[in-house]
Amino acid sequence: METPGLYHILFISTALFFIGAYGFFTRRNLITMLMSIELILNSVNLNFIAFNKYVWPAKLDGVFFTIFIIAIAAAEAAVAIAIIINLYRSHKSIDVEKAEEMKY
Amino acid sequence: MTASTIIFYLLAAITLGSALLAVTTRQIFRAAIFLLFTLIGIAGFYFWLHYEFIAAVQIVVYVGGIVVLIIFSIFLTQQSGEELPKQRWSRTLFAALAAFCGFALILTQLINHPFPSANAQAGSPIVTEASVANIGEQLLNIEQNGMALPFEVISILLLAAMIGCIVIAMRQAPIDNENKPAA
């Protein structure tokens, strides 16, 4: 066990990203898919902060990117949940396989 | 091995372990709770990196906002105690394979890529502290390197999302569909 640095955090954020991607591939329920997207967004945030800390500590750009991503993720989650609840009202299910007629 | 190192590996174990459980458990409510622990673990990483403001924002927005929203939507759309249907094994296998291949690809690239280290460039690098004062000053600065324009764009986006949510979730007046066949 060595002292953690940039590469350790990048390893964790990569693992988190692909765990989120795995969840996105396997899940068929809209809420759990939304949760996978949150995991992916969080891994990106962790990357920005790690690069800001270890590579460009003189600037704050990574912090701003993280703040904006958190704001956009909050807006996106709110809209997604409004859509999910509306879908549940009309279809009585939030399974993506049962929402096929949304295509037409 | 210092306390900081131990805390790092502990946080890593909490974050990755509960993230794995969040995408594999078949009870949707448990998935939401594991997601909560993952987000708290990431906030812990921000504390570990001394970005206290971002950690606070993470806890307020994600843990206090998004997870509560997700739990409410689970209550509204799911029968309690019902498990998610089992997936076909082929889908699970190929998803795991795709995720693992992507992970391995990124990791090999990552290990071979030398990132410019801030400590190697100069004796003592300039460090801008990520304090609330510094962040706020640059966020609302309209001169060079200021972030006032993206800040305003985000506020427009939040307004649009708010109006969009209200419009989408609004219950339609019962005039169409049900009453139409009678007319």
# chains A, B, ... in the order shown; residues from 1 in each chain; ligands from 1
>>> closest_atom_pairs(of="chain A", to="chain B", cutoff="6 Å", atoms="only C-alpha atoms", output="Markdown table")
| residue | atom | partner | partner_atom | distance |
| --- | --- | --- | --- | --- |
| A:Thr3 | CA | B:Thr5 | CA | 5.9 |
| A:Phe18 | CA | B:Ala99 | CA | 5.3 |
| A:Tyr22 | CA | B:Ala99 | CA | 5.6 |
| A:Gly23 | CA | B:Val23 | CA | 4.8 |
| A:Phe25 | CA | B:Ala95 | CA | 5.7 |
| A:Thr26 | CA | B:Thr92 | CA | 5.9 |
| A:Val55 | CA | B:Ala118 | CA | 4.9 |
| A:Pro57 | CA | B:Val127 | CA | 5.0 |
| A:Ala58 | CA | B:Val127 | CA | 4.5 |
| A:Ala75 | CA | B:Ala161 | CA | 5.7 |
| A:Val79 | CA | B:Cys165 | CA | 5.3 |
| A:Ala82 | CA | B:Ala169 | CA | 5.4 |
| A:Asn86 | CA | B:Ala169 | CA | 5.9 |
>>> residues_around(residues="Leu6 of chain A", least_positions_apart="2", cutoff="8 Å", atoms="only C-alpha atoms", output="ChimeraX atom specification")
/A:4,8-10,50-51,54
>>> write_last_selection(atoms="N, CA, C and O atoms", output="PDB file, in the first residue's frame")
ATOM      1  N   PRO A   4      -1.397   7.359  -1.567  1.00  0.00           N
ATOM      2  CA  PRO A   4      -2.270   7.610  -2.712  1.00  0.00           C
ATOM      3  C   PRO A   4      -1.957   8.923  -3.407  1.00  0.00           C
ATOM      4  O   PRO A   4      -1.628   9.911  -2.755  1.00  0.00           O
ATOM      5  N   HIS A   8      -4.171   6.851  -8.192  1.00  0.00           N
ATOM      6  CA  HIS A   8      -5.121   6.093  -7.378  1.00  0.00           C
ATOM      7  C   HIS A   8      -6.534   6.641  -7.551  1.00  0.00           C
ATOM      8  O   HIS A   8      -7.498   5.889  -7.716  1.00  0.00           O
ATOM      9  N   ILE A   9      -6.631   7.979  -7.542  1.00  0.00           N
ATOM     10  CA  ILE A   9      -7.963   8.576  -7.688  1.00  0.00           C
ATOM     11  C   ILE A   9      -8.502   8.335  -9.084  1.00  0.00           C
ATOM     12  O   ILE A   9      -9.690   8.053  -9.268  1.00  0.00           O
ATOM     13  N   LEU A  10      -7.594   8.381 -10.103  1.00  0.00           N
ATOM     14  CA  LEU A  10      -8.063   8.114 -11.460  1.00  0.00           C
ATOM     15  C   LEU A  10      -8.536   6.675 -11.590  1.00  0.00           C
ATOM     16  O   LEU A  10      -9.520   6.391 -12.279  1.00  0.00           O
ATOM     17  N   ALA A  50      -9.561  15.810  -9.036  1.00  0.00           N
ATOM     18  CA  ALA A  50      -8.223  15.242  -8.889  1.00  0.00           C
ATOM     19  C   ALA A  50      -7.225  15.945  -9.801  1.00  0.00           C
ATOM     20  O   ALA A  50      -6.107  16.274  -9.376  1.00  0.00           O
ATOM     21  N   PHE A  51      -7.629  16.217 -11.046  1.00  0.00           N
ATOM     22  CA  PHE A  51      -6.712  16.916 -11.954  1.00  0.00           C
ATOM     23  C   PHE A  51      -6.442  18.330 -11.454  1.00  0.00           C
ATOM     24  O   PHE A  51      -5.318  18.831 -11.548  1.00  0.00           O
ATOM     25  N   TYR A  54      -3.880  17.901  -8.460  1.00  0.00           N
ATOM     26  CA  TYR A  54      -2.527  17.386  -8.658  1.00  0.00           C
ATOM     27  C   TYR A  54      -1.810  17.971  -9.857  1.00  0.00           C
ATOM     28  O   TYR A  54      -0.590  17.937  -9.912  1.00  0.00           O
TER      29      TYR A  54
END
